[in-house]
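Peer 1: A single structure is presented below for examination.
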2 protein chains.
Amino acid sequence: MSKPTIGVFDSGFGGLTVLHSLLKLLPRARYVYLGDTARLPYGSKSRQTIVRYALESARFLEQQGADHLVVACNTATALALDEMRVALSIPVTGVIEPGARAVRDTLATGKDDKTAVVLATSATVQSHAYRRELGLLGIEATEKACPLLVPLVEEGWLTDPAHVSVTSEVLRLYLLEALAEAPRARALLLGCTHYPLLRGLMETTLTTLKHPMSIVDSAEATAQAVAALPGMEDVRLQAAGAETETVFYATDSIEKFERLGSVFLGRPVSGVKLLDLGG
Amino acid sequence: MSKPTIGVFDSGFGGLTVLHSLLKLLPRARYVYLGDTARLPYGSKSRQTIVRYALESARFLEQQGADHLVVACNTATALALDEMRVALSIPVTGVIEPGARAVRDTLATGKDDKTAVVLATSATVQSHAYRRELGLLGIEATEKACPLLVPLVEEGWLTDPAHVSVTSEVLRLYLLEALAEAPRARALLLGCTHYPLLRGLMETTLTTLKHPMSIVDSAEATAQAVAALPGMEDVRLQAAGAETETVFYATDSIEKFERLGSVFLGRPVSGVKLLDLGG
């Protein structure tokens, strides 16, 4: 049996944090990644527009031979997962259900309220997809839109002290506003694939605010859900010397995709192909 | 003779600062405004993608009967002005040449170096369109990309003290970096139509930095250039009780365009029509 091809789709670079986790768990699968960078960010756009963009990207990956589609974009999952499942003939995994289940597992051990804070883009928050999914699991969610976090990550204000202090202050303000609404929250769900790059800074900020919480990463949880699917048994173990086969497509600047993509994936990204989806 | 129809095009809401200035100077013209909000921001995308988007938008406005096109978007002007002039049969005014001329006029009275700082998006800076245009006028330009300013304006972090202090600090860091390269600059050009909303904060920040500069607004300068064109004489004066005729199109959420647009235009925006450019 030939090894499975996993299509991974995001509006840009963020989905590479999901691919990063997939490569660790399923190193022997074949991957086709599409970043719809010409039309990013999805997070500030309307449902109608996001559905159109997501369907075009999903169909392209199916045409490239994907046996399974991972929607590694919270906004596209929140607003277009059902439409993609209807339009495609392959199974589709989004990031929201795995993220919500990981929150449930985290809160399962405690005796306190089942309350979580979800940080996400404006479109994801407006869809209330996380609140709905967590509600089904008996968890109350406060969703907080954080439109400045993606540009701060993409600007790279994560390391030197003067710039990182701005990022910390933005995080502090967003978290303060969220915790004012959910003072008893014990889990913090990263509902955007850019946010894992801010994880360390979030831990520091939560300590400063004297409000420690378990941080749950949807990207990591999604990779675990895909790895547990039937048909993935054969690609779990890395054969000695085997090369992972990954093809990258982007709808805008190859140079920027390779540069920023390497930061998100945590390894060099090269050989990216330019794709015109007609947008 | 019927009154002229002026088509105004931007990737989103920022061009409404140009329309705001046009309405003051040419209140009796007819306006058709297009915000290509489904594909914003242009500022982080490649030349090839921006040219394609700009041509689609420009052709739409010509089809709507525009006698004159104002490209109220610095990025589209920087990367696609020549292409639009070739593709259309109506005159096209961009924001960069008027902005550069306004800087020249500002610096004309002084005896110091002819040096200016230009704040703009990444794509505008990478095109070096302002440096080229200012160079033709004998002015040396330091161009500084400021990717966080547009999201800060759109997030509305402009008024209450906790949030405005973040915006101030971001401005201070960008200006510090620019002034390190151009310590003798006496003019600061706002090379993005979102930035006029930060003008007051920039003045305060420049005072804090002990580096006063004249702030030049491309939006204002562009409106003045259009008002000075032949054929605009008849629409300069506001007839008593005359209603300005303005039609708005947006390629994404009408609700968001009306809400944010009112902030940029400084008056209520309503009756916006949704347009599908196929993106």
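Just so we're on the same page: first chain in the structure tokens is A, next is B, and so on; residues restart at 1 for each chain, and ligands are numbered from 1 in the order they show up.
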Counting only C-alpha atoms, which residues of chain A sit at most 10 Å from some atom of chain B, and what is each one's closest atom pair with its distance in Å to one decimal, listed by chain and rising residue number, as a Markdown table?

Peer 2:
| residue | atom | partner | partner_atom | distance |
| --- | --- | --- | --- | --- |
| A:Thr37 | CA | B:Lys45 | CA | 7.9 |
| A:Ala38 | CA | B:Lys45 | CA | 6.5 |
| A:Arg39 | CA | B:Arg39 | CA | 5.3 |
| A:Leu40 | CA | B:Arg39 | CA | 7.4 |
| A:Pro41 | CA | B:Leu40 | CA | 8.0 |
| A:Tyr42 | CA | B:Ala38 | CA | 8.8 |
| A:Ser44 | CA | B:Ala38 | CA | 9.1 |
| A:Lys45 | CA | B:Ala38 | CA | 6.5 |
| A:Ser46 | CA | B:Ser253 | CA | 5.4 |
| A:Arg47 | CA | B:Ser253 | CA | 8.6 |
| A:Gln48 | CA | B:Asp252 | CA | 8.3 |
| A:Thr49 | CA | B:Ala38 | CA | 6.8 |
| A:Ile50 | CA | B:Ala38 | CA | 8.9 |
| A:Arg52 | CA | B:Gly279 | CA | 8.8 |
| A:Tyr53 | CA | B:Gly279 | CA | 8.1 |
| A:Cys146 | CA | B:Glu155 | CA | 9.1 |
| A:Pro147 | CA | B:Glu155 | CA | 7.1 |
| A:Leu148 | CA | B:Pro151 | CA | 6.2 |
| A:Leu149 | CA | B:Pro151 | CA | 9.7 |
| A:Val150 | CA | B:Pro151 | CA | 9.6 |
| A:Pro151 | CA | B:Leu148 | CA | 6.2 |
| A:Leu152 | CA | B:Leu148 | CA | 7.0 |
| A:Glu154 | CA | B:Pro147 | CA | 9.0 |
| A:Glu155 | CA | B:Pro147 | CA | 7.1 |
| A:Ala162 | CA | B:Leu173 | CA | 8.0 |
| A:His163 | CA | B:Leu173 | CA | 7.8 |
| A:Ser165 | CA | B:Glu169 | CA | 9.5 |
| A:Val166 | CA | B:Val166 | CA | 6.6 |
| A:Thr167 | CA | B:Val166 | CA | 9.0 |
| A:Glu169 | CA | B:Val166 | CA | 7.2 |
| A:Val170 | CA | B:Val166 | CA | 7.1 |
| A:Leu173 | CA | B:His163 | CA | 7.8 |
| A:Thr251 | CA | B:Thr49 | CA | 8.7 |
| A:Asp252 | CA | B:Ser46 | CA | 6.2 |
| A:Ser253 | CA | B:Ser46 | CA | 5.5 |
| A:Ile254 | CA | B:Ser46 | CA | 9.2 |
| A:Glu255 | CA | B:Ser46 | CA | 9.7 |
| A:Lys256 | CA | B:Ser46 | CA | 9.0 |
| A:Asp276 | CA | B:Thr49 | CA | 9.3 |
| A:Leu277 | CA | B:Gly279 | CA | 8.3 |
| A:Gly278 | CA | B:Gly279 | CA | 6.3 |
| A:Gly279 | CA | B:Gly279 | CA | 3.3 |

Peer 1: Near region 60-71 of chain B, counting only C-alpha atoms, which residues have an atom at most 6 Å away, once you skip same-chain residues fewer than 3 positions from it, shown as a list in words?

Peer 2: Thr5, Ile6, Gly7, Val8, Phe9, Ser57, Ile90, Pro91, Val92, Thr93 and Gly94 of chain B

Peer 1: Just checking: using only C-alpha atoms, which residue out of B:Ser11, B:Thr17, B:Ser168, B:Ser262 ends up closest to Leu197 (chain B)?

Peer 2: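 Using only C-alpha atoms, the shortest distance to Leu197 (chain B) belongs to B:Thr17.
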
Peer 1: Interatomic distance between CA of Leu190 (chain B) and CA of Lys144 (chain B)?

Peer 2: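 Computing the Euclidean distance for CA of Leu190 (chain B) and CA of Lys144 (chain B) yields 10.5 Å.
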
Peer 1: Report the closest atom pair, with its distance in Å rounded to one decimal, for each residue of region 105-157 of chain A that has an atom no farther than 10 Å from region 78-89 of chain A; count only C-alpha atoms, sort by chain and then rising residue number, and write it as a Markdown table.

Peer 2:
| residue | atom | partner | partner_atom | distance |
| --- | --- | --- | --- | --- |
| A:Ala123 | CA | A:Leu79 | CA | 8.1 |
| A:Thr124 | CA | A:Ala78 | CA | 5.8 |
| A:Val125 | CA | A:Ala78 | CA | 8.7 |
| A:Gln126 | CA | A:Ala78 | CA | 9.3 |
| A:Ser127 | CA | A:Ala78 | CA | 6.3 |
| A:His128 | CA | A:Ala78 | CA | 7.9 |
| A:Ala129 | CA | A:Ala78 | CA | 5.4 |
| A:Tyr130 | CA | A:Ala78 | CA | 7.9 |

Peer 1: Run DSSP on the backbone of this structure and report the residues of region 30-275 of chain B it assigns to strand (DSSP E), as JSON, numbers by chain.

Peer 2: {"B": [30, 31, 32, 33, 34, 35, 68, 69, 70, 71, 92, 93, 115, 116, 117, 118, 119, 120, 140, 141, 142, 143, 144, 145, 187, 188, 189, 190, 214, 215, 216, 217, 245, 246, 247, 248, 249, 250, 273, 274]}

Peer 1: If you run DSSP on the backbone here, which positions in region 6-255 of chain B get helix (DSSP H, G or I)? Please write them as a PyMOL selection string.

Peer 2: chain B and resi 16-25+47-63+74-87+96-107+122-127+129-136+149-155+161-181+195-208+218-227+233-235+254-255

Peer 1: Name the residues in contact with region 206-215 of chain A at a cut-off of 7 Å, using only C-alpha atoms, excluding same-chain residues fewer than 4 positions from it; report them as a PyMOL selection string.

Peer 2: chain A and resi 186-189+202

Peer 1: Compile the contact shell of Tyr195 (chain A) as a PDB file with C-alpha atoms, in the first residue's frame: residues with an atom at most 9 Å away, counting only C-alpha atoms, same-chain residues fewer than 2 positions apart removed.

Peer 2:
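New file out.pdb:
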ATOM      1  CA  GLY A  14       0.624  29.719  10.615  1.00  0.00           C
ATOM      2  CA  LEU A 119      -7.565  33.593  22.062  1.00  0.00           C
ATOM      3  CA  ALA A 120      -8.259  33.830  18.311  1.00  0.00           C
ATOM      4  CA  LEU A 149      -0.932  39.202  17.642  1.00  0.00           C
ATOM      5  CA  VAL A 150      -0.563  37.946  14.063  1.00  0.00           C
ATOM      6  CA  VAL A 153       4.516  37.601  15.205  1.00  0.00           C
ATOM      7  CA  LEU A 190      -4.370  29.121  21.454  1.00  0.00           C
ATOM      8  CA  GLY A 191      -7.030  29.361  18.748  1.00  0.00           C
ATOM      9  CA  CYS A 192      -4.767  30.665  15.979  1.00  0.00           C
ATOM     10  CA  THR A 193      -1.797  28.875  14.459  1.00  0.00           C
ATOM     11  CA  LEU A 197       5.270  31.304  18.722  1.00  0.00           C
ATOM     12  CA  LEU A 198       4.038  33.485  21.609  1.00  0.00           C
ATOM     13  CA  ARG A 199       3.700  30.617  24.080  1.00  0.00           C
ATOM     14  CA  ASP A 217      -2.150  24.455  21.524  1.00  0.00           C
TER      15      ASP A 217
END

Peer 1: Which residue is closest to Val18 (chain A)? Choose from A:Leu136, A:Leu274, A:Met232, A:Ala225 and count only C-alpha atoms.

Peer 2: A:Ala225

Peer 1: Could you pull the residues within 12 Å of Gly266 (chain A), counting only C-alpha atoms, minus those fewer than 4 positions along the same chain, as a list in words?

Peer 2: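 Non-adjacent residues within range: Phe13, Gly14, Leu16, Thr17, Val18, Leu19, His20, Ser21, Leu23, Lys24, Pro196, Leu197, Glu258, Arg259, Leu260, Gly261 and Ser262 of chain A.
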
Peer 1: Kindly export the residues of the current selection with N, CA, C and O atoms, as a PDB file, in the first residue's frame.

Peer 2:
ATOM      1  N   PHE A  13       1.220  31.225   6.764  1.00  0.00           N
ATOM      2  CA  PHE A  13       2.357  30.516   7.341  1.00  0.00           C
ATOM      3  C   PHE A  13       1.994  29.767   8.614  1.00  0.00           C
ATOM      4  O   PHE A  13       2.662  28.812   8.990  1.00  0.00           O
ATOM      5  N   GLY A  14       0.961  30.245   9.299  1.00  0.00           N
ATOM      6  CA  GLY A  14       0.624  29.719  10.615  1.00  0.00           C
ATOM      7  C   GLY A  14       0.421  28.212  10.619  1.00  0.00           C
ATOM      8  O   GLY A  14       0.817  27.522  11.556  1.00  0.00           O
ATOM      9  N   LEU A  16       1.953  26.069   9.284  1.00  0.00           N
ATOM     10  CA  LEU A  16       3.220  25.330   9.357  1.00  0.00           C
ATOM     11  C   LEU A  16       3.509  24.867  10.777  1.00  0.00           C
ATOM     12  O   LEU A  16       4.276  23.920  10.969  1.00  0.00           O
ATOM     13  N   THR A  17       2.877  25.500  11.786  1.00  0.00           N
ATOM     14  CA  THR A  17       3.040  24.983  13.156  1.00  0.00           C
ATOM     15  C   THR A  17       2.307  23.643  13.286  1.00  0.00           C
ATOM     16  O   THR A  17       2.745  22.775  14.038  1.00  0.00           O
ATOM     17  N   VAL A  18       1.202  23.473  12.535  1.00  0.00           N
ATOM     18  CA  VAL A  18       0.518  22.178  12.517  1.00  0.00           C
ATOM     19  C   VAL A  18       1.372  21.157  11.756  1.00  0.00           C
ATOM     20  O   VAL A  18       1.550  20.020  12.209  1.00  0.00           O
ATOM     21  N   LEU A  19       1.910  21.572  10.611  1.00  0.00           N
ATOM     22  CA  LEU A  19       2.782  20.668   9.845  1.00  0.00           C
ATOM     23  C   LEU A  19       3.991  20.245  10.675  1.00  0.00           C
ATOM     24  O   LEU A  19       4.413  19.082  10.645  1.00  0.00           O
ATOM     25  N   HIS A  20       4.537  21.187  11.436  1.00  0.00           N
ATOM     26  CA  HIS A  20       5.670  20.906  12.325  1.00  0.00           C
ATOM     27  C   HIS A  20       5.322  19.743  13.269  1.00  0.00           C
ATOM     28  O   HIS A  20       6.111  18.796  13.423  1.00  0.00           O
ATOM     29  N   SER A  21       4.128  19.806  13.873  1.00  0.00           N
ATOM     30  CA  SER A  21       3.703  18.737  14.781  1.00  0.00           C
ATOM     31  C   SER A  21       3.416  17.441  14.022  1.00  0.00           C
ATOM     32  O   SER A  21       3.721  16.349  14.502  1.00  0.00           O
ATOM     33  N   LEU A  23       4.866  16.411  11.247  1.00  0.00           N
ATOM     34  CA  LEU A  23       6.133  15.804  10.814  1.00  0.00           C
ATOM     35  C   LEU A  23       6.778  15.004  11.938  1.00  0.00           C
ATOM     36  O   LEU A  23       7.446  13.993  11.699  1.00  0.00           O
ATOM     37  N   LYS A  24       6.543  15.464  13.185  1.00  0.00           N
ATOM     38  CA  LYS A  24       7.105  14.729  14.317  1.00  0.00           C
ATOM     39  C   LYS A  24       6.360  13.417  14.540  1.00  0.00           C
ATOM     40  O   LYS A  24       6.964  12.390  14.829  1.00  0.00           O
ATOM     41  N   PRO A 196       1.328  29.758  18.812  1.00  0.00           N
ATOM     42  CA  PRO A 196       2.367  28.944  19.483  1.00  0.00           C
ATOM     43  C   PRO A 196       3.721  29.664  19.578  1.00  0.00           C
ATOM     44  O   PRO A 196       4.476  29.425  20.521  1.00  0.00           O
ATOM     45  N   LEU A 197       4.005  30.572  18.651  1.00  0.00           N
ATOM     46  CA  LEU A 197       5.270  31.304  18.722  1.00  0.00           C
ATOM     47  C   LEU A 197       5.293  32.298  19.883  1.00  0.00           C
ATOM     48  O   LEU A 197       6.342  32.844  20.224  1.00  0.00           O
ATOM     49  N   GLU A 258       9.309  31.419   2.010  1.00  0.00           N
ATOM     50  CA  GLU A 258      10.470  30.615   2.442  1.00  0.00           C
ATOM     51  C   GLU A 258      11.104  31.222   3.699  1.00  0.00           C
ATOM     52  O   GLU A 258      11.493  30.509   4.615  1.00  0.00           O
ATOM     53  N   ARG A 259      11.143  32.572   3.759  1.00  0.00           N
ATOM     54  CA  ARG A 259      11.774  33.248   4.889  1.00  0.00           C
ATOM     55  C   ARG A 259      10.931  33.087   6.161  1.00  0.00           C
ATOM     56  O   ARG A 259      11.408  32.568   7.181  1.00  0.00           O
ATOM     57  N   LEU A 260       9.660  33.527   6.102  1.00  0.00           N
ATOM     58  CA  LEU A 260       8.798  33.441   7.287  1.00  0.00           C
ATOM     59  C   LEU A 260       8.439  31.988   7.605  1.00  0.00           C
ATOM     60  O   LEU A 260       8.367  31.592   8.771  1.00  0.00           O
ATOM     61  N   GLY A 261       8.241  31.191   6.549  1.00  0.00           N
ATOM     62  CA  GLY A 261       7.859  29.793   6.735  1.00  0.00           C
ATOM     63  C   GLY A 261       8.876  29.025   7.550  1.00  0.00           C
ATOM     64  O   GLY A 261       8.516  28.181   8.382  1.00  0.00           O
ATOM     65  N   SER A 262      10.137  29.320   7.350  1.00  0.00           N
ATOM     66  CA  SER A 262      11.195  28.622   8.091  1.00  0.00           C
ATOM     67  C   SER A 262      11.065  28.873   9.595  1.00  0.00           C
ATOM     68  O   SER A 262      11.353  27.988  10.410  1.00  0.00           O
TER      69      SER A 262
END

Peer 1: Quick one: distance from CA of Ala145 (chain A) to CA of Arg104 (chain A) in Å, one decimal?

Peer 2: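 Taking CA of Ala145 (chain A) as the start and CA of Arg104 (chain A) as the end point, the length is 21.3 Å.
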
Peer 1: Of the candidates A:Ala221, A:His194, A:Trp157, A:Val216, which shows the shortest atom-to-atom distance to Thr106 (chain A), using only C-alpha atoms?

Peer 2: A:Val216

Peer 1: List the neighbours of Ser218 (chain A) out to 6 Å using only C-alpha atoms; skip same-chain residues closer than 2 positions along the sequence, and give me the result as JSON, numbers by chain.

Peer 2: {"A": [95, 99, 220, 221, 222]}

Peer 1: Taking only C-alpha atoms into account, name the residue in B:Pro161, B:Ala102, B:Ala219, B:Leu137 that is nearest to Ala72 (chain B).

Peer 2: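 Comparing B:Pro161, B:Ala102, B:Ala219, B:Leu137 against Ala72 (chain B), the winner is B:Ala219.
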